[in-house]
$ cat data_29.txt   # compact mmCIF, C-alpha atoms and all ligand atoms
# COMPACT_ATOMS: atom_id res chain seq x y z
CA MET A 1 27.58 -4.35 72.41
CA THR A 2 29.63 -5.35 69.35
CA LYS A 3 28.94 -8.63 67.58
CA GLN A 4 31.32 -11.35 68.66
CA GLU A 5 33.01 -13.84 66.41
CA VAL A 6 32.28 -17.46 67.31
CA VAL A 7 34.84 -19.81 65.79
CA LEU A 8 34.35 -23.59 65.58
CA SER A 9 37.94 -24.71 65.93
CA GLU A 10 39.53 -27.90 64.70
CA ASN A 11 43.03 -26.72 65.43
CA LEU A 12 43.23 -24.80 68.70
CA GLN A 13 46.76 -23.53 68.13
CA GLN A 14 45.80 -21.98 64.81
CA THR A 15 42.53 -20.49 65.97
CA LEU A 16 43.86 -19.13 69.24
CA SER A 17 46.97 -17.64 67.59
CA ALA A 18 44.79 -15.97 64.95
CA ALA A 19 42.41 -14.59 67.60
CA VAL A 20 45.28 -13.23 69.72
CA ARG A 21 47.07 -11.75 66.68
CA LYS A 22 43.87 -10.01 65.58
CA VAL A 23 43.92 -7.73 68.61
CA GLU A 24 46.76 -5.27 69.00
CA HIS A 25 47.81 -5.53 72.64
CA ASP A 26 50.69 -4.67 74.94
CA ARG A 27 50.31 -7.45 77.51
CA LEU A 28 48.50 -10.76 77.53
CA PHE A 29 46.78 -12.28 80.57
CA VAL A 30 45.21 -15.72 80.87
CA LEU A 31 42.60 -16.55 83.50
CA THR A 32 42.04 -20.16 84.56
CA ASP A 33 40.57 -21.83 87.62
CA GLU A 34 42.48 -24.46 89.59
CA THR A 35 40.92 -27.29 87.59
CA THR A 36 41.37 -25.83 84.12
CA ARG A 37 44.91 -24.80 85.01
CA ARG A 38 45.66 -28.47 85.66
CA LEU A 39 43.60 -30.05 82.88
CA CYS A 40 43.36 -27.50 80.08
CA TRP A 41 46.25 -25.04 80.38
CA PRO A 42 48.77 -27.79 79.42
CA LEU A 43 46.98 -28.05 76.04
CA VAL A 44 47.67 -24.37 75.44
CA SER A 45 50.73 -23.35 77.45
CA GLU A 46 53.35 -24.42 74.88
CA MET A 47 51.79 -22.46 72.05
CA PRO A 48 54.04 -19.63 70.84
CA CYS A 49 51.12 -17.17 71.10
CA MET A 50 51.05 -17.86 74.86
CA ALA A 51 54.78 -17.30 75.42
CA GLU A 52 54.34 -13.89 77.07
CA ALA A 53 51.10 -14.70 78.88
CA GLN A 54 50.78 -13.83 82.57
CA MET A 55 48.72 -16.41 84.42
CA MET A 56 45.91 -15.67 86.85
CA THR A 57 44.13 -18.48 88.68
CA ILE A 58 41.02 -18.51 90.84
CA GLY A 59 39.32 -21.30 92.81
CA ALA A 60 37.18 -23.71 90.80
CA THR A 61 33.38 -24.09 90.94
CA ASP A 62 30.54 -21.64 91.34
CA GLU A 63 31.26 -20.96 95.05
CA ASN A 64 34.26 -18.97 93.84
CA LYS A 65 32.28 -16.74 91.52
CA THR A 66 32.62 -14.02 94.12
CA LEU A 67 33.70 -10.45 94.66
CA GLU A 68 36.88 -11.81 96.32
CA SER A 69 37.86 -13.75 93.17
CA LEU A 70 37.02 -10.73 91.04
CA THR A 71 39.19 -8.53 93.25
CA HIS A 72 42.01 -11.06 92.90
CA VAL A 73 41.79 -10.82 89.10
CA TRP A 74 41.70 -6.99 89.12
CA ARG A 75 44.73 -7.03 91.44
CA CYS A 76 46.66 -9.44 89.17
CA LEU A 77 45.90 -7.24 86.18
CA GLN A 78 47.01 -4.12 88.05
CA GLU A 79 50.19 -5.66 89.47
CA GLY A 80 50.95 -7.25 86.08
CA GLY A 81 50.94 -3.80 84.46
CA ALA A 82 47.74 -4.22 82.42
CA THR A 83 46.67 -1.17 80.47
CA ARG A 84 43.54 -0.45 78.48
CA HIS A 85 45.39 -2.03 75.53
CA SER A 86 45.98 -5.36 77.23
CA LEU A 87 44.20 -8.56 76.24
CA MET A 88 42.73 -11.24 78.44
CA VAL A 89 42.00 -14.87 77.55
CA ASN A 90 39.48 -16.71 79.71
CA LEU A 91 40.22 -20.43 79.65
CA GLY A 92 37.61 -22.35 81.57
CA GLY A 93 33.98 -23.09 82.23
CA GLY A 94 31.12 -20.65 82.71
CA MET A 95 32.44 -19.44 86.04
CA VAL A 96 35.75 -18.37 84.46
CA THR A 97 34.22 -16.87 81.33
CA ASP A 98 31.52 -14.98 83.32
CA LEU A 99 33.86 -13.68 86.02
CA GLY A 100 36.76 -13.12 83.62
CA GLY A 101 34.48 -11.30 81.20
CA PHE A 102 33.28 -9.05 84.03
CA ALA A 103 36.85 -8.37 85.21
CA ALA A 104 37.93 -7.50 81.65
CA SER A 105 34.83 -5.36 81.05
CA THR A 106 35.42 -3.25 84.15
CA PHE A 107 39.22 -3.02 84.47
CA LYS A 108 40.24 0.47 83.28
CA ARG A 109 36.66 0.70 81.96
CA GLY A 110 37.15 -2.31 79.74
CA ILE A 111 39.87 -4.31 78.03
CA ALA A 112 39.45 -6.77 75.18
CA TYR A 113 38.92 -10.43 75.98
CA ILE A 114 38.71 -13.79 74.25
CA ASN A 115 36.74 -16.75 75.64
CA VAL A 116 38.05 -20.28 75.28
CA PRO A 117 35.30 -22.32 76.95
CA THR A 118 36.41 -25.70 78.22
CA THR A 119 33.08 -27.09 79.43
CA LEU A 120 30.02 -27.97 77.42
CA LEU A 121 27.97 -25.54 79.52
CA SER A 122 30.25 -22.68 78.72
CA MET A 123 30.51 -23.60 75.02
CA VAL A 124 26.80 -23.64 74.36
CA ASP A 125 25.76 -20.88 76.74
CA ALA A 126 27.95 -18.88 79.11
CA SER A 127 30.79 -17.89 76.79
CA VAL A 128 28.51 -16.72 73.97
CA GLY A 129 26.33 -13.60 74.12
CA GLY A 130 28.17 -11.22 76.43
CA LYS A 131 26.53 -11.88 79.80
CA THR A 132 29.23 -11.44 82.45
CA GLY A 133 29.09 -11.26 86.22
CA ILE A 134 29.45 -12.73 89.67
CA ASN A 135 27.16 -14.12 92.37
CA PHE A 136 26.36 -11.69 95.18
CA GLY A 137 24.28 -11.68 98.36
CA GLY A 138 23.34 -15.34 97.90
CA LEU A 139 21.96 -14.71 94.42
CA LYS A 140 23.27 -16.04 91.14
CA ASN A 141 24.83 -13.61 88.66
CA GLU A 142 23.49 -10.69 90.66
CA VAL A 143 26.13 -8.16 89.56
CA GLY A 144 27.51 -7.95 86.05
CA VAL A 145 27.40 -6.27 82.65
CA PHE A 146 26.58 -7.16 79.06
CA ASN A 147 29.81 -7.06 77.08
CA CYS A 148 30.79 -9.58 74.44
CA ALA A 149 34.14 -11.30 74.09
CA LEU A 150 35.84 -10.32 70.85
CA THR A 151 36.18 -13.97 69.90
CA VAL A 152 34.77 -17.19 71.34
CA ILE A 153 36.70 -20.31 70.36
CA LEU A 154 34.79 -23.58 70.52
CA ASP A 155 37.08 -26.58 70.38
CA ALA A 156 35.50 -30.00 70.89
CA GLU A 157 38.87 -31.35 72.08
CA PHE A 158 38.07 -30.02 75.55
CA LEU A 159 34.91 -32.14 75.75
CA HIS A 160 37.13 -35.18 76.29
CA THR A 161 38.31 -33.69 79.60
CA LEU A 162 34.76 -33.66 81.03
CA ASP A 163 33.14 -36.22 83.32
CA TYR A 164 29.51 -37.34 82.90
CA GLU A 165 28.14 -34.72 85.32
CA ASN A 166 29.75 -31.84 83.49
CA LEU A 167 28.65 -33.12 80.09
CA ALA A 168 25.11 -33.58 81.37
CA SER A 169 25.16 -30.10 82.92
CA GLY A 170 25.98 -28.45 79.59
CA TYR A 171 23.54 -30.67 77.79
CA ALA A 172 20.64 -29.13 79.75
CA GLU A 173 21.26 -25.79 78.02
CA MET A 174 21.29 -27.63 74.68
CA LEU A 175 17.95 -29.21 75.58
CA LYS A 176 16.65 -25.71 76.33
CA HIS A 177 17.86 -24.52 72.91
CA GLY A 178 16.08 -27.52 71.36
CA LEU A 179 12.85 -26.68 73.16
CA ILE A 180 12.87 -23.06 71.97
CA SER A 181 13.75 -23.93 68.37
CA THR A 182 12.22 -26.84 66.45
CA GLU A 183 10.63 -30.20 67.15
CA GLU A 184 13.36 -31.84 65.08
CA ASN A 185 16.15 -30.35 67.23
CA TRP A 186 14.34 -31.24 70.45
CA ALA A 187 13.67 -34.85 69.35
CA GLU A 188 17.27 -35.31 68.18
CA LEU A 189 18.51 -34.16 71.60
CA LEU A 190 16.24 -36.61 73.44
CA ARG A 191 17.67 -39.47 71.34
CA PHE A 192 21.35 -38.71 72.11
CA ASP A 193 23.06 -41.18 74.44
CA LEU A 194 24.99 -39.28 77.09
CA GLN A 195 26.25 -42.51 78.68
CA ARG A 196 28.11 -43.57 75.53
CA VAL A 197 29.09 -40.28 73.99
CA ASP A 198 29.74 -40.06 70.26
CA TYR A 199 31.97 -36.97 70.37
CA ARG A 200 31.68 -36.20 66.65
CA ALA A 201 27.88 -36.24 66.89
CA LEU A 202 28.08 -34.13 70.04
CA GLY A 203 30.28 -31.62 68.22
CA ARG A 204 27.60 -31.29 65.51
CA LEU A 205 24.87 -30.81 68.13
CA VAL A 206 27.00 -28.17 69.86
CA ALA A 207 27.37 -26.23 66.61
CA LYS A 208 23.58 -26.28 66.07
CA SER A 209 22.95 -25.27 69.66
CA VAL A 210 25.32 -22.32 69.55
CA ALA A 211 23.82 -21.18 66.25
CA ILE A 212 20.38 -21.05 67.92
CA LYS A 213 21.76 -18.91 70.73
CA GLU A 214 23.71 -16.64 68.39
CA ARG A 215 20.63 -15.97 66.28
CA ILE A 216 18.63 -14.93 69.32
CA VAL A 217 21.41 -12.80 70.84
CA GLU A 218 21.99 -11.04 67.53
CA GLU A 219 18.33 -10.09 67.38
CA ASP A 220 18.12 -8.91 71.00
CA PRO A 221 21.56 -8.53 72.62
CA LEU A 222 20.35 -6.70 75.74
CA GLU A 223 17.41 -9.00 76.53
CA HIS A 224 14.58 -6.58 75.97
CA GLY A 225 12.50 -9.20 74.16
CA ILE A 226 13.20 -12.51 72.45
CA ARG A 227 16.46 -13.15 74.36
CA LYS A 228 14.21 -13.88 77.33
CA ALA A 229 13.52 -17.20 75.56
CA LEU A 230 16.97 -18.25 76.74
CA ASN A 231 15.71 -17.96 80.32
CA LEU A 232 13.40 -20.96 79.90
CA GLY A 233 13.90 -23.21 82.92
CA HIS A 234 16.01 -20.60 84.70
CA THR A 235 13.47 -18.87 86.95
CA VAL A 236 12.94 -22.11 88.85
CA GLY A 237 16.42 -23.44 88.05
CA HIS A 238 18.16 -20.45 89.67
CA ALA A 239 15.92 -20.77 92.74
CA PHE A 240 16.87 -24.47 93.09
CA GLU A 241 20.52 -23.56 92.61
CA SER A 242 20.42 -20.74 95.17
CA LEU A 243 18.64 -22.98 97.69
CA ALA A 244 21.23 -25.69 97.16
CA MET A 245 24.03 -23.11 97.55
CA ALA A 246 22.53 -21.83 100.83
CA GLU A 247 22.32 -25.40 102.15
CA GLU A 248 25.84 -26.20 100.97
CA ARG A 249 24.60 -28.90 98.63
CA THR A 250 26.52 -29.12 95.39
CA VAL A 251 24.30 -28.77 92.36
CA LEU A 252 25.69 -28.12 88.89
CA HIS A 253 23.98 -25.28 87.02
CA GLY A 254 22.71 -27.47 84.19
CA TYR A 255 21.12 -29.93 86.60
CA ALA A 256 19.17 -27.09 88.20
CA VAL A 257 18.15 -25.85 84.74
CA ALA A 258 16.98 -29.34 83.71
CA TRP A 259 14.81 -29.59 86.85
CA GLY A 260 13.64 -26.01 86.23
CA LEU A 261 12.68 -26.96 82.66
CA VAL A 262 10.37 -29.68 83.97
CA CYS A 263 8.66 -27.21 86.32
CA GLU A 264 8.34 -24.50 83.69
CA LEU A 265 7.05 -26.92 81.03
CA TYR A 266 4.41 -28.02 83.52
CA LEU A 267 3.47 -24.37 84.01
CA SER A 268 3.50 -24.01 80.21
CA ALA A 269 1.09 -26.94 79.89
CA LYS A 270 -1.24 -25.40 82.48
CA ARG A 271 -1.07 -21.85 81.23
CA VAL A 272 -0.46 -21.89 77.48
CA GLY A 273 -1.19 -25.46 76.33
CA PHE A 274 2.25 -27.07 76.03
CA PRO A 275 1.41 -30.63 74.81
CA ALA A 276 1.19 -33.23 77.60
CA ASP A 277 3.06 -35.94 75.60
CA LYS A 278 6.04 -33.63 75.01
CA LEU A 279 6.03 -32.72 78.70
CA ARG A 280 6.11 -36.44 79.57
CA GLN A 281 8.93 -37.21 77.13
CA THR A 282 11.04 -34.30 78.35
CA MET A 283 10.39 -35.26 81.99
CA ALA A 284 11.46 -38.85 81.36
CA PHE A 285 14.70 -37.67 79.74
CA VAL A 286 15.41 -35.27 82.60
CA ARG A 287 14.68 -37.89 85.26
CA ASP A 288 16.92 -40.49 83.57
CA THR A 289 19.75 -38.04 82.97
CA TYR A 290 19.65 -35.76 86.02
CA GLY A 291 17.68 -37.56 88.71
CA THR A 292 15.52 -35.21 90.79
CA PHE A 293 16.05 -32.24 93.09
CA ALA A 294 15.13 -33.09 96.67
CA PHE A 295 13.12 -30.53 98.63
CA THR A 296 10.10 -30.55 100.92
CA CYS A 297 7.10 -28.25 101.34
CA LYS A 298 9.11 -26.50 104.09
CA HIS A 299 11.26 -25.09 101.26
CA TYR A 300 8.35 -23.63 99.25
CA ASP A 301 8.38 -20.15 100.81
CA ARG A 302 12.13 -19.84 100.39
CA LEU A 303 11.94 -21.03 96.77
CA TYR A 304 9.14 -18.57 96.06
CA GLU A 305 11.11 -15.76 97.66
CA LEU A 306 14.17 -16.69 95.56
CA MET A 307 12.04 -16.58 92.42
CA THR A 308 10.84 -13.09 93.33
CA HIS A 309 14.49 -11.93 93.37
CA ASP A 310 15.03 -13.01 89.79
CA LYS A 311 16.45 -10.25 87.56
CA LYS A 312 13.73 -10.84 84.99
CA ASN A 313 10.91 -9.75 87.30
CA THR A 314 9.02 -6.49 87.12
CA ALA A 315 6.70 -4.93 89.71
CA GLY A 316 7.06 -7.77 92.19
CA GLN A 317 5.62 -10.41 89.82
CA VAL A 318 7.54 -13.57 89.02
CA ASN A 319 8.33 -13.57 85.32
CA PHE A 320 8.62 -16.72 83.24
CA THR A 321 9.30 -17.67 79.66
CA LEU A 322 6.79 -20.37 78.73
CA LEU A 323 6.16 -22.48 75.63
CA GLY A 324 2.85 -23.11 73.84
CA ASP A 325 4.69 -25.93 72.04
CA VAL A 326 8.28 -26.67 71.09
CA GLY A 327 9.47 -23.47 69.40
CA ASP A 328 6.31 -21.51 70.33
CA ILE A 329 7.89 -19.02 72.72
CA ARG A 330 5.80 -16.92 75.11
CA ILE A 331 7.91 -14.36 76.92
CA ASN A 332 6.79 -12.09 79.80
CA GLN A 333 4.42 -14.61 81.40
CA THR A 334 3.65 -14.29 85.07
CA ALA A 335 2.31 -16.81 87.56
CA THR A 336 0.53 -16.34 90.85
CA ARG A 337 1.89 -17.65 94.13
CA GLU A 338 -0.75 -20.42 94.03
CA GLU A 339 0.30 -21.48 90.53
CA ILE A 340 3.92 -21.60 91.64
CA MET A 341 3.04 -23.71 94.70
CA ASP A 342 1.03 -26.07 92.46
CA MET A 343 4.03 -26.35 90.12
CA LEU A 344 6.30 -27.27 93.06
CA ASP A 345 3.73 -29.87 94.22
CA PHE A 346 3.67 -31.35 90.72
CA TYR A 347 7.47 -31.56 90.62
CA ARG A 348 7.70 -33.34 93.97
CA GLU A 349 4.83 -35.71 93.28
CA SER A 350 5.99 -36.73 89.83
N1 LIG B 1 22.10 -17.70 79.51
C1 LIG B 1 21.06 -17.00 78.90
C2 LIG B 1 21.52 -15.87 78.06
O1 LIG B 1 22.69 -15.78 77.70
O2 LIG B 1 20.73 -15.03 77.73
$ encode --input "data_29.txt" --output "structure tokens"
Amino acid sequence: MTKQEVVLSENLQQTLSAAVRKVEHDRLFVLTDETTRRLCWPLVSEMPCMAEAQMMTIGATDENKTLESLTHVWRCLQEGGATRHSLMVNLGGGMVTDLGGFAASTFKRGIAYINVPTTLLSMVDASVGGKTGINFGGLKNEVGVFNCALTVILDAEFLHTLDYENLASGYAEMLKHGLISTEENWAELLRFDLQRVDYRALGRLVAKSVAIKERIVEEDPLEHGIRKALNLGHTVGHAFESLAMAEERTVLHGYAVAWGLVCELYLSAKRVGFPADKLRQTMAFVRDTYGTFAFTCKHYDRLYELMTHDKKNTAGQVNFTLLGDVGDIRINQTATREEIMDMLDFYRES
């Protein structure tokens, strides 16, 4: 997996033109979803570098991160005459950058692609680090490959297009990056006011957050070791998300991760001594920002089963990344069924 260039853009036209020019290509394709086509494509469509672009659009939201949408993109590429020397630009949130990255990585065994993330979630997480894929068989990101975009363009201008829920969703991944880095980063994130957003300050926090992820991905691109730190909150978060998907409840990814962080910090406190005061402070922030995920003890078996399907597991044991303290990362931790049930009890009762 080659190292990708992450560009903090202050002038999208300049940065995107430079990124497109950098890659010799015969045809240019742009992937959007229905929402980003309406809200974000107009910010880009008049740029000279987009003059020859062929548009591809898929349905918005995670329900469309499917084999059908992927097939649609492959078909558009094929019918549009894409060759191995074509270039694809993914303009959208994590769903578009994940699915578009997978389509580009597999079409004719791989064509070059650029990510232009338009959501906070995608800026700080999905678009960076080369994880691509689709949901399959009721499980999140079940099929995919590691393959980095050539360039990822982060432009804070897009943050103005986001509603509170989508900002909060991305912010959960930033909170995760704070928890796995330093106490200073974590505390600064807890102080930020998501109700009255200071976009310049948010831009600075985004840059710090992405730098944390880049450092980890550079060290361990294929997730054999330290990259597992980025899975904090996700073992439980993905189970909540999959349960919600099965019950046709809409839950944004970051909300599920935030709730998952609370559960996994509780497990961290029980297993490896994560400090109780930091657990309380993080829980208060998560409750105020994200509310709580509603489930009953009738859901426990299903949630446990979903956790056992997680990609990070080995030999039938549920694998977690835990923290001994902020920044004290403990990868490859397992928990028994009883410990997981106790964690779910704690979440519901608190
Ligand atoms: N989203 C976690 C990772 O990229 O490893």
$ closest_atom_pairs --input "data_29.txt" --of "segment 122-159 of chain A" --to "segment 200-216 of chain A" --cutoff "12 Å" --atoms "only C-alpha atoms" --output "Markdown table"
| residue | atom | partner | partner_atom | distance |
| --- | --- | --- | --- | --- |
| A:Ser122 | CA | A:Val210 | CA | 10.4 |
| A:Met123 | CA | A:Val210 | CA | 7.6 |
| A:Val124 | CA | A:Val210 | CA | 5.2 |
| A:Asp125 | CA | A:Val210 | CA | 7.3 |
| A:Ala126 | CA | A:Lys213 | CA | 10.4 |
| A:Ser127 | CA | A:Val210 | CA | 10.1 |
| A:Val128 | CA | A:Glu214 | CA | 7.4 |
| A:Gly129 | CA | A:Glu214 | CA | 7.0 |
| A:Gly130 | CA | A:Glu214 | CA | 10.7 |
| A:Cys148 | CA | A:Glu214 | CA | 11.7 |
| A:Val152 | CA | A:Val210 | CA | 10.9 |
| A:Ile153 | CA | A:Val210 | CA | 11.6 |
| A:Leu154 | CA | A:Ala207 | CA | 8.8 |
| A:Asp155 | CA | A:Gly203 | CA | 8.7 |
| A:Ala156 | CA | A:Gly203 | CA | 6.1 |
| A:Glu157 | CA | A:Gly203 | CA | 9.4 |
| A:Phe158 | CA | A:Gly203 | CA | 10.8 |
| A:Leu159 | CA | A:Gly203 | CA | 8.9 |
$ closest_residue --input "data_29.txt" --among "A:Val7, A:Leu43, A:Ile331, A:Leu344" --to "Thr161 of chain A" --atoms "all atoms listed in the file"
A:Leu43
$ residues_around --input "data_29.txt" --residues "Asn319 of chain A" --least-positions-apart "3" --cutoff "6 Å" --atoms "all atoms listed in the file" --output "ChimeraX atom specification"
/A:313,332-334
$ closest_atom_pairs --input "data_29.txt" --of "chain A" --to "ligand LIG 1 (chain B)" --cutoff "12 Å" --atoms "all atoms listed in the file" --output "tab-separated table"
residue	atom	partner	partner_atom	distance
A:Gly94	CA	B:LIG1	N1	10.0
A:Asp98	CA	B:LIG1	O1	10.5
A:Leu121	CA	B:LIG1	N1	9.8
A:Ser122	CA	B:LIG1	N1	9.6
A:Met123	CA	B:LIG1	N1	11.2
A:Val124	CA	B:LIG1	N1	9.2
A:Asp125	CA	B:LIG1	N1	5.6
A:Ala126	CA	B:LIG1	N1	6.0
A:Ser127	CA	B:LIG1	O1	8.4
A:Val128	CA	B:LIG1	O1	7.0
A:Gly129	CA	B:LIG1	O1	5.6
A:Gly130	CA	B:LIG1	O1	7.2
A:Lys131	CA	B:LIG1	O1	5.9
A:Thr132	CA	B:LIG1	O1	9.2
A:Gly133	CA	B:LIG1	O1	11.6
A:Lys140	CA	B:LIG1	N1	11.8
A:Asn141	CA	B:LIG1	N1	10.4
A:Val145	CA	B:LIG1	O1	11.7
A:Phe146	CA	B:LIG1	O1	9.6
A:Asn147	CA	B:LIG1	O1	11.3
A:Cys148	CA	B:LIG1	O1	10.7
A:Gly170	CA	B:LIG1	N1	11.4
A:Ala172	CA	B:LIG1	N1	11.5
A:Glu173	CA	B:LIG1	N1	8.3
A:Met174	CA	B:LIG1	N1	11.1
A:Lys176	CA	B:LIG1	C1	10.1
A:His177	CA	B:LIG1	C1	10.1
A:Val210	CA	B:LIG1	O1	10.8
A:Ile212	CA	B:LIG1	O1	11.3
A:Lys213	CA	B:LIG1	O1	7.7
A:Glu214	CA	B:LIG1	O1	9.4
A:Arg215	CA	B:LIG1	O2	11.5
A:Ile216	CA	B:LIG1	O2	8.7
A:Val217	CA	B:LIG1	O2	7.3
A:Glu218	CA	B:LIG1	O2	11.0
A:Glu219	CA	B:LIG1	O2	11.7
A:Asp220	CA	B:LIG1	O2	9.5
A:Pro221	CA	B:LIG1	O2	8.3
A:Leu222	CA	B:LIG1	O2	8.6
A:Glu223	CA	B:LIG1	O2	7.0
A:His224	CA	B:LIG1	O2	10.6
A:Gly225	CA	B:LIG1	O2	10.7
A:Ile226	CA	B:LIG1	O2	9.5
A:Arg227	CA	B:LIG1	O2	5.8
A:Lys228	CA	B:LIG1	O2	6.6
A:Ala229	CA	B:LIG1	O2	7.8
A:Leu230	CA	B:LIG1	C1	4.8
A:Asn231	CA	B:LIG1	C1	5.6
A:Leu232	CA	B:LIG1	C1	8.7
A:Gly233	CA	B:LIG1	C1	10.3
A:His234	CA	B:LIG1	C1	8.5
A:Thr235	CA	B:LIG1	C1	11.2
A:Gly237	CA	B:LIG1	N1	11.8
A:His238	CA	B:LIG1	N1	11.2
A:His253	CA	B:LIG1	N1	10.8
A:Gly254	CA	B:LIG1	N1	10.9
A:Val257	CA	B:LIG1	N1	10.5
A:Lys311	CA	B:LIG1	O2	11.7
A:Lys312	CA	B:LIG1	O2	10.9
A:Thr321	CA	B:LIG1	C1	11.8
$ closest_residue --input "data_29.txt" --among "A:Val197, A:Leu12, A:Val326, A:Ile340" --to "Thr308 of chain A" --atoms "all atoms listed in the file"
A:Ile340
$ closest_residue --input "data_29.txt" --among "A:Gln4, A:Thr119, A:Ser9, A:Thr282" --to "Leu175 of chain A" --atoms "only C-alpha atoms"
A:Thr282
$ residues_around --input "data_29.txt" --residues "Val286 of chain A" --least-positions-apart "6" --cutoff "8 Å" --atoms "all atoms listed in the file" --output "number ranges by chain"
A: 258-259, 262
$ atom_distance --input "data_29.txt" --atom1 "atom CA of Asp198 of chain A" --atom2 "atom CA of Ser181 of chain A"
22.8 Å
$ closest_residue --input "data_29.txt" --among "A:Leu150, A:Ala269, A:Leu162, A:Ala239" --to "Val6 of chain A" --atoms "all atoms listed in the file"
A:Leu150
$ residues_around --input "data_29.txt" --residues "Met50 of chain A" --least-positions-apart "4" --cutoff "10 Å" --atoms "all atoms listed in the file" --output "VMD selection string"
chain A and resid 13 16 to 17 20 28 to 30 44 to 46 54 to 55 89
$ residues_around --input "data_29.txt" --residues "Arg348 of chain A" --least-positions-apart "3" --cutoff "8 Å" --atoms "all atoms listed in the file" --output "PyMOL selection string"
chain A and resi 294-296+344-345
$ closest_residue --input "data_29.txt" --among "A:Ala149, A:Leu194, A:Met56, A:Ala335" --to "Tyr171 of chain A" --atoms "only C-alpha atoms"
A:Leu194
$ closest_residue --input "data_29.txt" --among "A:Met283, A:Ala82, A:Leu91, A:Ala246" --to "Thr118 of chain A" --atoms "all atoms listed in the file"
A:Leu91
$ atom_distance --input "data_29.txt" --atom1 "atom CA of Asp325 of chain A" --atom2 "atom CA of Pro275 of chain A"
6.4 Å
$ atom_distance --input "data_29.txt" --atom1 "atom CA of Cys40 of chain A" --atom2 "atom CA of Asn11 of chain A"
14.7 Å
$ residues_near_point --input "data_29.txt" --point "(10.6, -20.1, 99.3)" --cutoff "12 Å" --atoms "all atoms listed in the file" --output "PyMOL selection string"
chain A and resi 236+239-240+242-243+295-309+337+340-341+344
